[in-house]
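Engineer: Take a look at the following structure, please.
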Amino acid sequence: MCWGDLVSGRPSWLVTGIGELVADPDLAPLTDAALVVEAGRVAWVGPASSAPATDEATDVGGRAVIPGFVDSHSHLVFAGERSAEFAARMAGQSYAAGGIRTTVAATRAASDEQLTAHVARHVGEMRRQGTTTVEIKSGYGLSLADEARSLAVARQFTEHTTFLGAHVVPAEYADDPAGYVDLVTGPMLAAAAPHARWIDAFCEVGAFDVDQARTVLEAGARAGLSGRLHANQLTAGGGVQLACELGLIAVDHCTYLGTADVDALASSGTIATLLPGVEFSTRHPYPNAKELLAAGVRIAIASDCNPGSCYTSSMPFCLALAVREMGLTPAQALRAATRGGAEALGLSDVGHLEVGAKAHLVVLDAPSYVHLAYRPGVPLVAEVLG
Ligand SMILES: [Zn+2]
């Protein structure tokens, strides 16, 4: 049968001949394994030799099977592109938060149909690289109507949508940032909340300070949105500690961390979502994920796909960077890109392939998941289900 045919309600289906199966990303993979899918969920996992009888079967010929990636941080609702800015940066210019305004102008000028087609293209790109769950933020509209429609567009592709009206202060509020925070926490939040599950802010020099970010997150909580935060991307500010103090599920970037930040992360349980594509694309130093794990910090890896600081949609690329540049083992990086991402979105039935999980399977054209880091840049994702 065709992989694409497998949807809820199909008969039981055996995937066998799995050379290496990552069912639980916290444990060693199973070899010579099989897996049964029923009604879109994993119903059985074990040695191929003791697999139960099923209605249908597919032999994957010794290839590796992993859970679909969970990309818990992306900014896909935008128009235009900023390759000239990237080229300038690679020629020595530094990255600043203000470049976001270029994309805001293009996004506001785009039609709903253009934005929708743009997101569809990027979600398709992600899927072909093994991502089966994605979070999408607004944040390039920055007006009431443009933030609300950005989230409505995102909602067509995922239920994991995040209101990021506090991305930067738009040009028309340059002289009145307090007025913009009032807009974000008042009428804009009211318009965005029906389309969003999360609220986020960019806590950084040139964007929003700790007090402004706190105001935004607290207003979001009152409107029923859970918080997450962009913090410590360009400077070691107070964003990470704010996220930990507020008990947020995740704080994202964590590029510049002091000892107090690491201690706060370890004791709060707030997940540090690492975005190695950003360090790659901005030539900033990578955070040391190995040390974070040793300190007891929970981590996830995500793409941060966006047109400014990191325009990759590839979780395999981010995973390879995390291994090479952040000190993770291939097993730790895969765990962070699957179950870690799921935890950062509060999800328990994706990011692994244990019994009961959604059957989000990725078949690799490789005998082991280690090839994701061992063969960077090679299109190893052969089949994606779910
Ligand atoms: Zn981001």
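Following the order of the structure tokens, chains are lettered A, B, ..., residues in each are numbered from 1, and ligands are numbered from 1.
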Show me which residues sit within 7 Å of ligand 1 when counting only C-alpha atoms and all ligand atoms, and put them as a PDB file with C-alpha atoms, in the first residue's frame.

Structural biologist:
```
ATOM      1  CA  HIS A  73       9.491  27.342  16.952  1.00  0.00           C
ATOM      2  CA  SER A  74       8.850  28.825  13.499  1.00  0.00           C
ATOM      3  CA  HIS A  75       7.772  32.077  11.896  1.00  0.00           C
ATOM      4  CA  HIS A 230      12.368  34.653  22.879  1.00  0.00           C
ATOM      5  CA  ASP A 304      13.203  29.109  14.085  1.00  0.00           C
TER       6      ASP A 304
END
```

Engineer: Go through stretch 236-275 of chain A and flag each residue having an atom no more than 12 Å from stretch 203-209 of chain A; for those, report the closest pair of atoms plus their distance in Å to one decimal, using only C-alpha atoms, ordered by chain and rising number, as a Markdown table.

Structural biologist:
```
| residue | atom | partner | partner_atom | distance |
| --- | --- | --- | --- | --- |
| A:Ala236 | CA | A:Glu204 | CA | 8.9 |
| A:Gly237 | CA | A:Glu204 | CA | 7.0 |
| A:Gly238 | CA | A:Cys203 | CA | 8.2 |
| A:Gly239 | CA | A:Cys203 | CA | 5.8 |
| A:Val240 | CA | A:Cys203 | CA | 9.0 |
| A:Gln241 | CA | A:Cys203 | CA | 11.2 |
| A:Leu242 | CA | A:Cys203 | CA | 9.6 |
| A:Ala243 | CA | A:Cys203 | CA | 10.1 |
| A:Val251 | CA | A:Cys203 | CA | 10.4 |
| A:Asp252 | CA | A:Cys203 | CA | 10.3 |
| A:His253 | CA | A:Cys203 | CA | 10.7 |
| A:Cys254 | CA | A:Cys203 | CA | 11.3 |
| A:Thr255 | CA | A:Glu204 | CA | 11.8 |
| A:Tyr256 | CA | A:Glu204 | CA | 11.3 |
```

Engineer: Could the residues in this selection be written to a file with N, CA and C atoms, as a PDB file, in the first residue's frame?

Structural biologist:
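Everything below was put into again-v9.pdb:
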```pdb
ATOM      1  N   ALA A 236      22.992  38.762  27.150  1.00  0.00           N
ATOM      2  CA  ALA A 236      22.618  38.019  28.365  1.00  0.00           C
ATOM      3  C   ALA A 236      21.719  38.904  29.229  1.00  0.00           C
ATOM      4  N   GLY A 237      20.506  39.161  28.724  1.00  0.00           N
ATOM      5  CA  GLY A 237      19.549  39.986  29.470  1.00  0.00           C
ATOM      6  C   GLY A 237      18.796  39.154  30.492  1.00  0.00           C
ATOM      7  N   GLY A 238      17.671  39.706  30.965  1.00  0.00           N
ATOM      8  CA  GLY A 238      16.931  39.026  32.033  1.00  0.00           C
ATOM      9  C   GLY A 238      15.791  38.138  31.549  1.00  0.00           C
ATOM     10  N   GLY A 239      15.707  37.896  30.239  1.00  0.00           N
ATOM     11  CA  GLY A 239      14.566  37.163  29.692  1.00  0.00           C
ATOM     12  C   GLY A 239      14.456  35.730  30.173  1.00  0.00           C
ATOM     13  N   VAL A 240      15.585  35.029  30.225  1.00  0.00           N
ATOM     14  CA  VAL A 240      15.534  33.621  30.649  1.00  0.00           C
ATOM     15  C   VAL A 240      15.031  33.532  32.087  1.00  0.00           C
ATOM     16  N   GLN A 241      15.525  34.433  32.932  1.00  0.00           N
ATOM     17  CA  GLN A 241      15.091  34.366  34.334  1.00  0.00           C
ATOM     18  C   GLN A 241      13.623  34.761  34.476  1.00  0.00           C
ATOM     19  N   LEU A 242      13.151  35.679  33.642  1.00  0.00           N
ATOM     20  CA  LEU A 242      11.721  36.004  33.651  1.00  0.00           C
ATOM     21  C   LEU A 242      10.893  34.770  33.294  1.00  0.00           C
ATOM     22  N   ALA A 243      11.310  34.082  32.229  1.00  0.00           N
ATOM     23  CA  ALA A 243      10.571  32.883  31.794  1.00  0.00           C
ATOM     24  C   ALA A 243      10.514  31.839  32.904  1.00  0.00           C
ATOM     25  N   VAL A 251      11.604  28.547  26.957  1.00  0.00           N
ATOM     26  CA  VAL A 251      12.225  29.828  26.625  1.00  0.00           C
ATOM     27  C   VAL A 251      13.224  29.549  25.506  1.00  0.00           C
ATOM     28  N   ASP A 252      13.139  30.348  24.453  1.00  0.00           N
ATOM     29  CA  ASP A 252      13.775  29.976  23.198  1.00  0.00           C
ATOM     30  C   ASP A 252      14.954  30.893  22.845  1.00  0.00           C
ATOM     31  N   HIS A 253      15.960  30.331  22.253  1.00  0.00           N
ATOM     32  CA  HIS A 253      17.275  30.880  21.887  1.00  0.00           C
ATOM     33  C   HIS A 253      18.307  30.477  22.943  1.00  0.00           C
ATOM     34  N   CYS A 254      18.346  31.206  24.089  1.00  0.00           N
ATOM     35  CA  CYS A 254      19.289  30.845  25.173  1.00  0.00           C
ATOM     36  C   CYS A 254      20.733  30.799  24.662  1.00  0.00           C
ATOM     37  N   THR A 255      21.086  31.752  23.802  1.00  0.00           N
ATOM     38  CA  THR A 255      22.432  31.779  23.232  1.00  0.00           C
ATOM     39  C   THR A 255      23.450  32.316  24.238  1.00  0.00           C
ATOM     40  N   TYR A 256      23.052  33.373  24.948  1.00  0.00           N
ATOM     41  CA  TYR A 256      23.951  33.988  25.927  1.00  0.00           C
ATOM     42  C   TYR A 256      23.403  33.744  27.331  1.00  0.00           C
TER      43      TYR A 256
END
```

Engineer: Determine, using only C-alpha atoms, which residues of stretch 57-112 of chain A have any atom at most 7 Å from an atom of stretch 117-132 of chain A, and tabulate each with its shortest atom pair and distance in Å to one decimal place, rows ordered by chain and then rising number, as JSON lines.

Structural biologist:
```
{"residue": "A:Gly68", "atom": "CA", "partner": "A:Thr132", "partner_atom": "CA", "distance": 5.1}
{"residue": "A:Phe69", "atom": "CA", "partner": "A:Thr131", "partner_atom": "CA", "distance": 4.4}
{"residue": "A:Val70", "atom": "CA", "partner": "A:Thr131", "partner_atom": "CA", "distance": 6.0}
{"residue": "A:Asp71", "atom": "CA", "partner": "A:Thr131", "partner_atom": "CA", "distance": 6.7}
{"residue": "A:Leu76", "atom": "CA", "partner": "A:Val119", "partner_atom": "CA", "distance": 5.6}
{"residue": "A:Val77", "atom": "CA", "partner": "A:Val119", "partner_atom": "CA", "distance": 5.9}
```

Engineer: Using only C-alpha atoms, please write the residues we just selected to a file, as a compact mmCIF listing (two decimals), in the first residue's frame.

Structural biologist:
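Below is the file that was written, result.txt:
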```
# COMPACT_ATOMS: atom_id res chain seq x y z
CA GLY A 68 8.54 12.73 12.98
CA PHE A 69 10.34 15.87 14.12
CA VAL A 70 8.45 18.33 16.33
CA ASP A 71 9.50 21.84 15.31
CA LEU A 76 6.22 30.97 8.61
CA VAL A 77 3.64 33.72 8.08
```

Engineer: Could you pull the residues within 8 Å of A:Thr103, counting only C-alpha atoms, minus those fewer than 2 positions along the same chain, as an mmCIF file with C-alpha atoms, in the first residue's frame?

Structural biologist:
```
data_model
loop_
_atom_site.group_PDB
_atom_site.id
_atom_site.type_symbol
_atom_site.label_atom_id
_atom_site.label_comp_id
_atom_site.auth_asym_id
_atom_site.auth_seq_id
_atom_site.Cartn_x
_atom_site.Cartn_y
_atom_site.Cartn_z
ATOM 1 C CA PHE A 78 5.581 36.327 6.146
ATOM 2 C CA ALA A 79 6.147 37.706 2.665
ATOM 3 C CA GLY A 80 9.323 38.770 0.901
ATOM 4 C CA GLU A 81 12.831 37.613 1.618
ATOM 5 C CA ARG A 82 16.040 39.106 2.999
ATOM 6 C CA GLY A 99 15.555 44.053 10.326
ATOM 7 C CA ILE A 100 12.196 42.501 11.172
ATOM 8 C CA ARG A 101 10.517 45.726 10.026
ATOM 9 C CA ALA A 105 6.185 45.934 5.305
ATOM 10 C CA ALA A 106 6.143 43.033 2.815
ATOM 11 C CA THR A 107 3.742 40.993 4.938
ATOM 12 C CA TYR A 140 5.204 40.168 10.970
ATOM 13 C CA PRO A 307 13.309 35.214 6.695
#
```

Engineer: Skip stretch 142-156 of chain A itself and residues of its chain fewer than 5 positions away, then list as a ChimeraX atom specification all residues within 8 Å of it, counting only C-alpha atoms.

Structural biologist: /A:76-77,104,108,112,115-116,119,136-137,161-163,165-167,169-170,187-188,191-192,195-196

Engineer: Could you pull out all residues of stretch 124-320 of chain A with a DSSP call of strand (DSSP E) and give them as an NGL selection string?

Structural biologist: :A and (131-134 or 136-137 or 161-166 or 198-203 or 226-227 or 229-231 or 250-253 or 271-274 or 299-301)

Engineer: The selected residues should be written to file as a JSON list (two decimals), in the first residue's frame (atoms: C-alpha atoms).

Structural biologist:
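Dumped to result.json:
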```
[["chain", "number", "residue", "atom", "x", "y", "z"],
["A", 131, "THR", "CA", 8.72, 17.45, 10.37],
["A", 132, "THR", "CA", 5.23, 16.23, 11.27],
["A", 133, "THR", "CA", 4.31, 18.75, 14.00],
["A", 134, "VAL", "CA", 5.01, 22.47, 13.69],
["A", 136, "ILE", "CA", 3.81, 28.76, 13.82],
["A", 137, "LYS", "CA", 4.01, 32.31, 15.18],
["A", 161, "THR", "CA", -0.19, 28.84, 16.89],
["A", 162, "THR", "CA", 1.50, 31.62, 18.84],
["A", 163, "PHE", "CA", 0.62, 35.32, 19.03],
["A", 164, "LEU", "CA", 3.85, 37.33, 18.71],
["A", 165, "GLY", "CA", 2.54, 40.88, 18.45],
["A", 166, "ALA", "CA", 5.48, 41.78, 20.72],
["A", 198, "TRP", "CA", 0.32, 30.64, 22.98],
["A", 199, "ILE", "CA", 1.65, 34.15, 23.51],
["A", 200, "ASP", "CA", 5.28, 35.11, 22.99],
["A", 201, "ALA", "CA", 7.52, 38.19, 23.12],
["A", 202, "PHE", "CA", 10.99, 39.03, 21.83],
["A", 203, "CYS", "CA", 12.81, 40.06, 25.02],
["A", 226, "SER", "CA", 0.09, 30.10, 27.71],
["A", 227, "GLY", "CA", 3.43, 31.88, 27.53],
["A", 229, "LEU", "CA", 9.54, 33.67, 25.24],
["A", 230, "HIS", "CA", 12.37, 34.65, 22.88],
["A", 231, "ALA", "CA", 15.23, 35.48, 25.24],
["A", 250, "ALA", "CA", 9.80, 26.98, 27.18],
["A", 251, "VAL", "CA", 12.22, 29.83, 26.63],
["A", 252, "ASP", "CA", 13.77, 29.98, 23.20],
["A", 253, "HIS", "CA", 17.28, 30.88, 21.89],
["A", 271, "ILE", "CA", 12.71, 23.98, 28.60],
["A", 272, "ALA", "CA", 15.57, 25.75, 26.81],
["A", 273, "THR", "CA", 14.69, 25.57, 23.12],
["A", 274, "LEU", "CA", 17.93, 25.82, 21.20],
["A", 299, "ILE", "CA", 16.31, 21.10, 26.07],
["A", 300, "ALA", "CA", 14.57, 21.07, 22.70],
["A", 301, "ILE", "CA", 15.87, 21.84, 19.22]]
```

Engineer: Taking only C-alpha atoms into account, produce a table as JSON lines in which each residue of stretch 337-380 of chain A with an atom at most 9 Å from an atom of stretch 44-57 of chain A appears once, together with its shortest atom pair and the distance in Å to one decimal, ordered by chain and rising number.

Structural biologist:
```
{"residue": "A:Leu353", "atom": "CA", "partner": "A:Val45", "partner_atom": "CA", "distance": 8.2}
{"residue": "A:Glu354", "atom": "CA", "partner": "A:Val45", "partner_atom": "CA", "distance": 7.0}
{"residue": "A:Val355", "atom": "CA", "partner": "A:Trp44", "partner_atom": "CA", "distance": 5.7}
{"residue": "A:Gly356", "atom": "CA", "partner": "A:Trp44", "partner_atom": "CA", "distance": 8.6}
```

Engineer: At a cut-off of 8 Å, using only C-alpha atoms, what residues contact A:Glu20? Leave out same-chain residues fewer than 3 positions from it and give the result as a short mmCIF file (atom, residue, chain, number, x, y, z; two decimals) with N, CA and C atoms, in the first residue's frame.

Structural biologist:
```
data_model
loop_
_atom_site.label_atom_id
_atom_site.label_comp_id
_atom_site.auth_asym_id
_atom_site.auth_seq_id
_atom_site.Cartn_x
_atom_site.Cartn_y
_atom_site.Cartn_z
N PRO A 29 17.86 2.52 20.40
CA PRO A 29 16.93 2.06 19.38
C PRO A 29 16.81 0.53 19.34
N LEU A 30 15.69 0.06 18.81
CA LEU A 30 15.48 -1.37 18.64
C LEU A 30 16.02 -1.77 17.27
N THR A 31 16.59 -2.95 17.16
CA THR A 31 17.05 -3.42 15.85
C THR A 31 16.15 -4.55 15.38
N ASP A 32 16.12 -4.77 14.06
CA ASP A 32 15.26 -5.81 13.45
C ASP A 32 13.86 -5.72 14.04
N ALA A 33 13.27 -4.54 13.96
CA ALA A 33 12.02 -4.26 14.67
C ALA A 33 10.84 -4.17 13.71
N GLY A 62 15.28 -2.83 5.97
CA GLY A 62 16.44 -2.58 6.82
C GLY A 62 16.74 -1.12 7.09
N ARG A 63 15.87 -0.24 6.61
CA ARG A 63 16.10 1.19 6.85
C ARG A 63 15.70 1.58 8.28
N ALA A 64 16.16 2.75 8.69
CA ALA A 64 15.83 3.24 10.03
C ALA A 64 14.49 3.97 10.02
N VAL A 65 13.74 3.85 11.11
CA VAL A 65 12.48 4.58 11.29
C VAL A 65 12.58 5.39 12.59
N PRO A 367 20.70 3.19 7.41
CA PRO A 367 20.48 2.12 8.37
C PRO A 367 20.35 2.59 9.80
N SER A 368 20.71 3.86 10.07
CA SER A 368 20.68 4.37 11.45
C SER A 368 20.34 5.86 11.44
N TYR A 369 19.66 6.31 12.50
CA TYR A 369 19.36 7.74 12.66
C TYR A 369 20.65 8.56 12.79
#
```

Engineer: Please report, as a PyMOL selection string, each residue of stretch 135-315 of chain A to which DSSP assigns alpha helix (DSSP H) when run on this structure's backbone.

Structural biologist: chain A and resi 144-155+177-185+187-192+210-222+239-245+259-268+276-282+289-294+315
